[in-house]
Amino acid sequence: MSIPLLYAHPFSSYCQKAFIAFYEKDAPFELRLLSSDNPAAIEERHALWPLDRFPVLRADGRTIVESTIIIEWLDQRVPDPAPLIPPDPGAALEVRMLDRIFDNYVMTPMMTVVFDRTRPETMRDPYGVDRAHALLDKAYGWLDARMASLEWAAAGQFSLADCAAAPSLFYADWVHPLGGYPALAAYLGRLRARPSFARCVEDARPSRALFPGGAPPDRY
Ligand SMILES: N[C@@H](CCC(=O)N[C@@H](CS)C(=O)NCC(=O)O)C(=O)O
């Protein structure tokens, strides 16, 4: 397998989701850093994926988009040391279900709150932001009850679902604190202690000043 190119930025939550999988497997990749200092990488990424979202993976002559599918791609090629999608079909379904729950009901409302902060004052959407906070509360409540008896999100092992959970909960906690949800906060603590995600947090630390509205100073 030739070394894949990953178009990404260390501060991006969906990129961290993909990075975690590569670090879990100690699988090599070449980072094509998407930054204003590197317009060539931005142009290449646009040619590969005109929707201009990231991460984007270029490997074996193929372009793979969507963080979940990048992880599925990696898991097929590098199953060791442990698969991130378990071979058992029932367990795999549970993992994919939790992956969708973290993306759709934690990452998405978190981003709604964050990106509203980048809009001009007259273009803000307080109604949408209120709905996003309400959805985060519902998601936190459901996940808190679930995580009271679990170490990892699904299937009794670290998986794709935990790759999705780590950055989504990490940044969601910045805009909608996890304080009232002890089991979920403890789970985020386990994720932060996982070396693959701890590395992402450290690699992203220099970019914290970019966080719209400012990163909370009291958070690790
Ligand atoms: N569903 C996509 C979402 C990717 C995504 O939205 N990435 C953000 C960065 S974290 C992005 O591309 N933002 C640029 C934009 O919204 O224009 C995935 O899982 O990869």
# chains A, B, ... in the order shown; residues from 1 in each chain; ligands from 1
>>> residues_around(residues="Ala164 (chain A)", least_positions_apart="6", cutoff="8 Å", atoms="only C-alpha atoms", output="list in words")
Tyr14, Lys17, Asp99, Phe102 and Asp103 of chain A
>>> residues_around(residues="Ala41 (chain A)", least_positions_apart="5", cutoff="10 Å", atoms="only C-alpha atoms", output="list in words")
Tyr7, Ala8, Leu31, Arg32, Leu33, Leu34, Ser35, Ser36, His46 and Ala47 of chain A
>>> write_last_selection(atoms="C-alpha atoms", output="mmCIF file, in the first residue's frame")
data_model
loop_
_atom_site.group_PDB
_atom_site.id
_atom_site.type_symbol
_atom_site.label_atom_id
_atom_site.label_comp_id
_atom_site.auth_asym_id
_atom_site.auth_seq_id
_atom_site.Cartn_x
_atom_site.Cartn_y
_atom_site.Cartn_z
ATOM 1 C CA TYR A 7 -5.957 16.640 3.238
ATOM 2 C CA ALA A 8 -6.739 17.920 6.680
ATOM 3 C CA LEU A 31 -0.591 15.262 5.802
ATOM 4 C CA ARG A 32 -1.500 17.803 3.137
ATOM 5 C CA LEU A 33 -2.111 20.694 5.487
ATOM 6 C CA LEU A 34 -5.143 22.784 4.574
ATOM 7 C CA SER A 35 -4.190 26.269 5.630
ATOM 8 C CA SER A 36 -4.090 29.721 4.098
ATOM 9 C CA HIS A 46 -10.924 21.446 -4.289
ATOM 10 C CA ALA A 47 -10.075 19.564 -7.481
#
>>> closest_atom_pairs(of="chain A", to="ligand 1", cutoff="8 Å", atoms="only C-alpha atoms and all ligand atoms", output="Markdown table")
| residue | atom | partner | partner_atom_place_in_ligand_line | distance |
| --- | --- | --- | --- | --- |
| A:Phe11 | CA | ligand 1 | 10 (S) | 7.9 |
| A:Ser12 | CA | ligand 1 | 10 (S) | 4.1 |
| A:Ser13 | CA | ligand 1 | 10 (S) | 4.6 |
| A:Tyr14 | CA | ligand 1 | 10 (S) | 4.4 |
| A:Cys15 | CA | ligand 1 | 10 (S) | 6.2 |
| A:Asp52 | CA | ligand 1 | 17 (O) | 6.2 |
| A:Arg53 | CA | ligand 1 | 12 (O) | 3.1 |
| A:Phe54 | CA | ligand 1 | 12 (O) | 4.2 |
| A:Pro55 | CA | ligand 1 | 20 (O) | 5.5 |
| A:Val56 | CA | ligand 1 | 20 (O) | 7.5 |
| A:Val65 | CA | ligand 1 | 20 (O) | 6.3 |
| A:Glu66 | CA | ligand 1 | 20 (O) | 3.5 |
| A:Ser67 | CA | ligand 1 | 20 (O) | 3.9 |
| A:Thr68 | CA | ligand 1 | 19 (O) | 5.8 |
| A:Ile69 | CA | ligand 1 | 19 (O) | 8.0 |
| A:Asp103 | CA | ligand 1 | 19 (O) | 7.4 |
>>> write_last_selection(atoms="N, CA and C atoms", output="PDB file, in the first residue's frame")
ATOM      1  N   PHE A  11      -6.799  21.118  13.734  1.00  0.00           N
ATOM      2  CA  PHE A  11      -7.799  21.682  14.648  1.00  0.00           C
ATOM      3  C   PHE A  11      -9.215  21.227  14.289  1.00  0.00           C
ATOM      4  N   SER A  12      -9.374  20.637  13.109  1.00  0.00           N
ATOM      5  CA  SER A  12     -10.713  20.284  12.627  1.00  0.00           C
ATOM      6  C   SER A  12     -11.217  19.008  13.300  1.00  0.00           C
ATOM      7  N   SER A  13     -12.444  19.078  13.770  1.00  0.00           N
ATOM      8  CA  SER A  13     -13.007  17.939  14.515  1.00  0.00           C
ATOM      9  C   SER A  13     -13.142  16.699  13.633  1.00  0.00           C
ATOM     10  N   TYR A  14     -13.637  16.868  12.402  1.00  0.00           N
ATOM     11  CA  TYR A  14     -13.783  15.685  11.542  1.00  0.00           C
ATOM     12  C   TYR A  14     -12.421  15.142  11.117  1.00  0.00           C
ATOM     13  N   CYS A  15     -11.422  16.017  11.011  1.00  0.00           N
ATOM     14  CA  CYS A  15     -10.078  15.515  10.697  1.00  0.00           C
ATOM     15  C   CYS A  15      -9.521  14.737  11.890  1.00  0.00           C
ATOM     16  N   ASP A  52     -15.627  21.034  -1.025  1.00  0.00           N
ATOM     17  CA  ASP A  52     -14.709  21.777  -0.145  1.00  0.00           C
ATOM     18  C   ASP A  52     -14.821  21.414   1.324  1.00  0.00           C
ATOM     19  N   ARG A  53     -15.235  20.193   1.608  1.00  0.00           N
ATOM     20  CA  ARG A  53     -15.217  19.724   3.001  1.00  0.00           C
ATOM     21  C   ARG A  53     -13.948  18.893   3.216  1.00  0.00           C
ATOM     22  N   PHE A  54     -13.574  18.731   4.454  1.00  0.00           N
ATOM     23  CA  PHE A  54     -12.413  17.924   4.774  1.00  0.00           C
ATOM     24  C   PHE A  54     -12.658  17.187   6.083  1.00  0.00           C
ATOM     25  N   PRO A  55     -11.983  16.036   6.273  1.00  0.00           N
ATOM     26  CA  PRO A  55     -10.814  15.493   5.572  1.00  0.00           C
ATOM     27  C   PRO A  55     -11.182  14.854   4.224  1.00  0.00           C
ATOM     28  N   VAL A  56     -10.134  14.775   3.372  1.00  0.00           N
ATOM     29  CA  VAL A  56     -10.213  14.056   2.096  1.00  0.00           C
ATOM     30  C   VAL A  56      -8.971  13.164   2.023  1.00  0.00           C
ATOM     31  N   VAL A  65     -13.922  10.406   0.506  1.00  0.00           N
ATOM     32  CA  VAL A  65     -14.407  11.504   1.338  1.00  0.00           C
ATOM     33  C   VAL A  65     -15.325  10.953   2.421  1.00  0.00           C
ATOM     34  N   GLU A  66     -15.586  11.802   3.410  1.00  0.00           N
ATOM     35  CA  GLU A  66     -16.384  11.480   4.597  1.00  0.00           C
ATOM     36  C   GLU A  66     -15.508  10.728   5.610  1.00  0.00           C
ATOM     37  N   SER A  67     -15.385  11.329   6.784  1.00  0.00           N
ATOM     38  CA  SER A  67     -14.492  10.774   7.808  1.00  0.00           C
ATOM     39  C   SER A  67     -14.830   9.310   8.128  1.00  0.00           C
ATOM     40  N   THR A  68     -16.107   9.003   8.197  1.00  0.00           N
ATOM     41  CA  THR A  68     -16.492   7.614   8.498  1.00  0.00           C
ATOM     42  C   THR A  68     -15.963   6.654   7.428  1.00  0.00           C
ATOM     43  N   ILE A  69     -16.073   7.069   6.181  1.00  0.00           N
ATOM     44  CA  ILE A  69     -15.674   6.178   5.079  1.00  0.00           C
ATOM     45  C   ILE A  69     -14.150   6.087   5.002  1.00  0.00           C
ATOM     46  N   ASP A 103     -22.048  11.990  15.069  1.00  0.00           N
ATOM     47  CA  ASP A 103     -21.922  12.979  13.985  1.00  0.00           C
ATOM     48  C   ASP A 103     -23.165  13.862  13.888  1.00  0.00           C
TER      49      ASP A 103
END
>>> residues_around(residues="Arg205 (chain A)", least_positions_apart="6", cutoff="10 Å", atoms="only C-alpha atoms", output="list in words")
Pro10, Phe11, Arg199 and Tyr220 of chain A
>>> residues_around(residues="region 182-191 of chain A", least_positions_apart="6", cutoff="10 Å", atoms="only C-alpha atoms", output="list in words")
Tyr140, Gly141, Trp142, Leu143, Asp144, Ala145, Arg146, Met147, Ala148, Ser149, Leu150, Glu151, Trp152, Ala153, Phe158, Asp162, Cys163, Ala165, Ala166, Pro167, Ser168, Leu169, Phe170, Asp173, Phe197 and Ala198 of chain A
>>> closest_residue(among="A:Lys25, A:His9, A:Val95, A:Pro81", to="Ser196 (chain A)", atoms="only C-alpha atoms")
A:Lys25
>>> atom_distance(atom1="CA of Asp26 (chain A)", atom2="CA of Asn104 (chain A)")
27.7 Å
>>> decode(residues="region 62-108 of chain A", atoms="N, CA and C atoms", output="PDB file, in the first residue's frame")
ATOM      1  N   ARG A  62      -7.580   6.552  -5.739  1.00  0.00           N
ATOM      2  CA  ARG A  62      -8.978   6.851  -5.427  1.00  0.00           C
ATOM      3  C   ARG A  62      -9.065   8.041  -4.475  1.00  0.00           C
ATOM      4  N   THR A  63     -10.186   8.744  -4.563  1.00  0.00           N
ATOM      5  CA  THR A  63     -10.467   9.810  -3.606  1.00  0.00           C
ATOM      6  C   THR A  63     -11.558   9.320  -2.666  1.00  0.00           C
ATOM      7  N   ILE A  64     -11.267   9.372  -1.381  1.00  0.00           N
ATOM      8  CA  ILE A  64     -12.234   8.914  -0.380  1.00  0.00           C
ATOM      9  C   ILE A  64     -12.634  10.124   0.457  1.00  0.00           C
ATOM     10  N   VAL A  65     -13.922  10.406   0.506  1.00  0.00           N
ATOM     11  CA  VAL A  65     -14.407  11.504   1.338  1.00  0.00           C
ATOM     12  C   VAL A  65     -15.325  10.953   2.421  1.00  0.00           C
ATOM     13  N   GLU A  66     -15.586  11.802   3.410  1.00  0.00           N
ATOM     14  CA  GLU A  66     -16.384  11.480   4.597  1.00  0.00           C
ATOM     15  C   GLU A  66     -15.508  10.728   5.610  1.00  0.00           C
ATOM     16  N   SER A  67     -15.385  11.329   6.784  1.00  0.00           N
ATOM     17  CA  SER A  67     -14.492  10.774   7.808  1.00  0.00           C
ATOM     18  C   SER A  67     -14.830   9.310   8.128  1.00  0.00           C
ATOM     19  N   THR A  68     -16.107   9.003   8.197  1.00  0.00           N
ATOM     20  CA  THR A  68     -16.492   7.614   8.498  1.00  0.00           C
ATOM     21  C   THR A  68     -15.963   6.654   7.428  1.00  0.00           C
ATOM     22  N   ILE A  69     -16.073   7.069   6.181  1.00  0.00           N
ATOM     23  CA  ILE A  69     -15.674   6.178   5.079  1.00  0.00           C
ATOM     24  C   ILE A  69     -14.150   6.087   5.002  1.00  0.00           C
ATOM     25  N   ILE A  70     -13.474   7.176   5.355  1.00  0.00           N
ATOM     26  CA  ILE A  70     -12.005   7.120   5.429  1.00  0.00           C
ATOM     27  C   ILE A  70     -11.596   6.071   6.467  1.00  0.00           C
ATOM     28  N   ILE A  71     -12.304   6.051   7.598  1.00  0.00           N
ATOM     29  CA  ILE A  71     -11.982   5.064   8.640  1.00  0.00           C
ATOM     30  C   ILE A  71     -12.351   3.656   8.171  1.00  0.00           C
ATOM     31  N   GLU A  72     -13.466   3.520   7.479  1.00  0.00           N
ATOM     32  CA  GLU A  72     -13.828   2.195   6.930  1.00  0.00           C
ATOM     33  C   GLU A  72     -12.738   1.733   5.956  1.00  0.00           C
ATOM     34  N   TRP A  73     -12.281   2.658   5.123  1.00  0.00           N
ATOM     35  CA  TRP A  73     -11.220   2.332   4.144  1.00  0.00           C
ATOM     36  C   TRP A  73      -9.975   1.845   4.876  1.00  0.00           C
ATOM     37  N   LEU A  74      -9.574   2.595   5.907  1.00  0.00           N
ATOM     38  CA  LEU A  74      -8.356   2.239   6.644  1.00  0.00           C
ATOM     39  C   LEU A  74      -8.531   0.880   7.335  1.00  0.00           C
ATOM     40  N   ASP A  75      -9.703   0.676   7.920  1.00  0.00           N
ATOM     41  CA  ASP A  75      -9.938  -0.566   8.668  1.00  0.00           C
ATOM     42  C   ASP A  75      -9.889  -1.791   7.751  1.00  0.00           C
ATOM     43  N   GLN A  76     -10.343  -1.617   6.518  1.00  0.00           N
ATOM     44  CA  GLN A  76     -10.255  -2.735   5.560  1.00  0.00           C
ATOM     45  C   GLN A  76      -8.806  -3.058   5.233  1.00  0.00           C
ATOM     46  N   ARG A  77      -7.988  -2.021   5.118  1.00  0.00           N
ATOM     47  CA  ARG A  77      -6.599  -2.255   4.703  1.00  0.00           C
ATOM     48  C   ARG A  77      -5.678  -2.612   5.864  1.00  0.00           C
ATOM     49  N   VAL A  78      -5.975  -2.031   7.035  1.00  0.00           N
ATOM     50  CA  VAL A  78      -5.114  -2.268   8.204  1.00  0.00           C
ATOM     51  C   VAL A  78      -6.003  -2.750   9.353  1.00  0.00           C
ATOM     52  N   PRO A  79      -6.357  -4.016   9.372  1.00  0.00           N
ATOM     53  CA  PRO A  79      -7.241  -4.489  10.452  1.00  0.00           C
ATOM     54  C   PRO A  79      -6.553  -4.549  11.812  1.00  0.00           C
ATOM     55  N   ASP A  80      -5.220  -4.603  11.827  1.00  0.00           N
ATOM     56  CA  ASP A  80      -4.479  -4.729  13.092  1.00  0.00           C
ATOM     57  C   ASP A  80      -4.178  -3.346  13.681  1.00  0.00           C
ATOM     58  N   PRO A  81      -3.968  -3.220  14.974  1.00  0.00           N
ATOM     59  CA  PRO A  81      -3.995  -4.292  15.968  1.00  0.00           C
ATOM     60  C   PRO A  81      -5.417  -4.728  16.342  1.00  0.00           C
ATOM     61  N   ALA A  82      -6.419  -3.899  16.062  1.00  0.00           N
ATOM     62  CA  ALA A  82      -7.803  -4.309  16.346  1.00  0.00           C
ATOM     63  C   ALA A  82      -8.697  -3.595  15.349  1.00  0.00           C
ATOM     64  N   PRO A  83      -9.715  -4.267  14.841  1.00  0.00           N
ATOM     65  CA  PRO A  83     -10.597  -3.578  13.895  1.00  0.00           C
ATOM     66  C   PRO A  83     -11.390  -2.472  14.594  1.00  0.00           C
ATOM     67  N   LEU A  84     -11.604  -1.378  13.869  1.00  0.00           N
ATOM     68  CA  LEU A  84     -12.421  -0.289  14.416  1.00  0.00           C
ATOM     69  C   LEU A  84     -13.895  -0.501  14.097  1.00  0.00           C
ATOM     70  N   ILE A  85     -14.171  -1.401  13.156  1.00  0.00           N
ATOM     71  CA  ILE A  85     -15.531  -1.878  12.908  1.00  0.00           C
ATOM     72  C   ILE A  85     -15.462  -3.399  13.101  1.00  0.00           C
ATOM     73  N   PRO A  86     -16.103  -3.915  14.140  1.00  0.00           N
ATOM     74  CA  PRO A  86     -15.927  -5.340  14.441  1.00  0.00           C
ATOM     75  C   PRO A  86     -16.509  -6.228  13.344  1.00  0.00           C
ATOM     76  N   PRO A  87     -15.937  -7.417  13.157  1.00  0.00           N
ATOM     77  CA  PRO A  87     -16.422  -8.303  12.091  1.00  0.00           C
ATOM     78  C   PRO A  87     -17.837  -8.824  12.335  1.00  0.00           C
ATOM     79  N   ASP A  88     -18.231  -8.967  13.584  1.00  0.00           N
ATOM     80  CA  ASP A  88     -19.573  -9.463  13.868  1.00  0.00           C
ATOM     81  C   ASP A  88     -20.612  -8.452  13.349  1.00  0.00           C
ATOM     82  N   PRO A  89     -21.574  -8.890  12.524  1.00  0.00           N
ATOM     83  CA  PRO A  89     -22.500  -7.933  11.896  1.00  0.00           C
ATOM     84  C   PRO A  89     -23.325  -7.139  12.906  1.00  0.00           C
ATOM     85  N   GLY A  90     -23.747  -7.780  13.991  1.00  0.00           N
ATOM     86  CA  GLY A  90     -24.546  -7.066  14.988  1.00  0.00           C
ATOM     87  C   GLY A  90     -23.729  -6.004  15.694  1.00  0.00           C
ATOM     88  N   ALA A  91     -22.495  -6.354  16.024  1.00  0.00           N
ATOM     89  CA  ALA A  91     -21.609  -5.392  16.692  1.00  0.00           C
ATOM     90  C   ALA A  91     -21.277  -4.246  15.732  1.00  0.00           C
ATOM     91  N   ALA A  92     -21.052  -4.575  14.458  1.00  0.00           N
ATOM     92  CA  ALA A  92     -20.732  -3.540  13.463  1.00  0.00           C
ATOM     93  C   ALA A  92     -21.900  -2.558  13.328  1.00  0.00           C
ATOM     94  N   LEU A  93     -23.120  -3.088  13.369  1.00  0.00           N
ATOM     95  CA  LEU A  93     -24.308  -2.227  13.262  1.00  0.00           C
ATOM     96  C   LEU A  93     -24.369  -1.246  14.436  1.00  0.00           C
ATOM     97  N   GLU A  94     -24.070  -1.761  15.627  1.00  0.00           N
ATOM     98  CA  GLU A  94     -24.100  -0.898  16.819  1.00  0.00           C
ATOM     99  C   GLU A  94     -23.036   0.202  16.699  1.00  0.00           C
ATOM    100  N   VAL A  95     -21.849  -0.177  16.224  1.00  0.00           N
ATOM    101  CA  VAL A  95     -20.772   0.808  16.055  1.00  0.00           C
ATOM    102  C   VAL A  95     -21.184   1.880  15.050  1.00  0.00           C
ATOM    103  N   ARG A  96     -21.747   1.456  13.924  1.00  0.00           N
ATOM    104  CA  ARG A  96     -22.129   2.436  12.892  1.00  0.00           C
ATOM    105  C   ARG A  96     -23.275   3.313  13.391  1.00  0.00           C
ATOM    106  N   MET A  97     -24.169   2.738  14.181  1.00  0.00           N
ATOM    107  CA  MET A  97     -25.282   3.529  14.726  1.00  0.00           C
ATOM    108  C   MET A  97     -24.744   4.635  15.642  1.00  0.00           C
ATOM    109  N   LEU A  98     -23.818   4.273  16.530  1.00  0.00           N
ATOM    110  CA  LEU A  98     -23.271   5.288  17.439  1.00  0.00           C
ATOM    111  C   LEU A  98     -22.451   6.323  16.673  1.00  0.00           C
ATOM    112  N   ASP A  99     -21.753   5.884  15.625  1.00  0.00           N
ATOM    113  CA  ASP A  99     -21.010   6.844  14.798  1.00  0.00           C
ATOM    114  C   ASP A  99     -21.961   7.895  14.231  1.00  0.00           C
ATOM    115  N   ARG A 100     -23.099   7.451  13.727  1.00  0.00           N
ATOM    116  CA  ARG A 100     -24.090   8.397  13.179  1.00  0.00           C
ATOM    117  C   ARG A 100     -24.640   9.304  14.274  1.00  0.00           C
ATOM    118  N   ILE A 101     -24.867   8.729  15.460  1.00  0.00           N
ATOM    119  CA  ILE A 101     -25.431   9.534  16.561  1.00  0.00           C
ATOM    120  C   ILE A 101     -24.454  10.647  16.946  1.00  0.00           C
ATOM    121  N   PHE A 102     -23.167  10.315  17.067  1.00  0.00           N
ATOM    122  CA  PHE A 102     -22.201  11.370  17.432  1.00  0.00           C
ATOM    123  C   PHE A 102     -22.085  12.417  16.329  1.00  0.00           C
ATOM    124  N   ASP A 103     -22.048  11.990  15.069  1.00  0.00           N
ATOM    125  CA  ASP A 103     -21.922  12.979  13.985  1.00  0.00           C
ATOM    126  C   ASP A 103     -23.165  13.862  13.888  1.00  0.00           C
ATOM    127  N   ASN A 104     -24.333  13.218  13.912  1.00  0.00           N
ATOM    128  CA  ASN A 104     -25.563  13.969  13.612  1.00  0.00           C
ATOM    129  C   ASN A 104     -26.095  14.749  14.805  1.00  0.00           C
ATOM    130  N   TYR A 105     -25.911  14.213  16.011  1.00  0.00           N
ATOM    131  CA  TYR A 105     -26.599  14.817  17.167  1.00  0.00           C
ATOM    132  C   TYR A 105     -25.651  15.425  18.193  1.00  0.00           C
ATOM    133  N   VAL A 106     -24.336  15.312  17.957  1.00  0.00           N
ATOM    134  CA  VAL A 106     -23.373  16.047  18.792  1.00  0.00           C
ATOM    135  C   VAL A 106     -22.539  16.973  17.893  1.00  0.00           C
ATOM    136  N   MET A 107     -21.850  16.392  16.897  1.00  0.00           N
ATOM    137  CA  MET A 107     -20.965  17.210  16.051  1.00  0.00           C
ATOM    138  C   MET A 107     -21.773  18.295  15.319  1.00  0.00           C
ATOM    139  N   THR A 108     -22.898  17.904  14.723  1.00  0.00           N
ATOM    140  CA  THR A 108     -23.645  18.879  13.913  1.00  0.00           C
ATOM    141  C   THR A 108     -24.176  20.046  14.757  1.00  0.00           C
TER     142      THR A 108
END
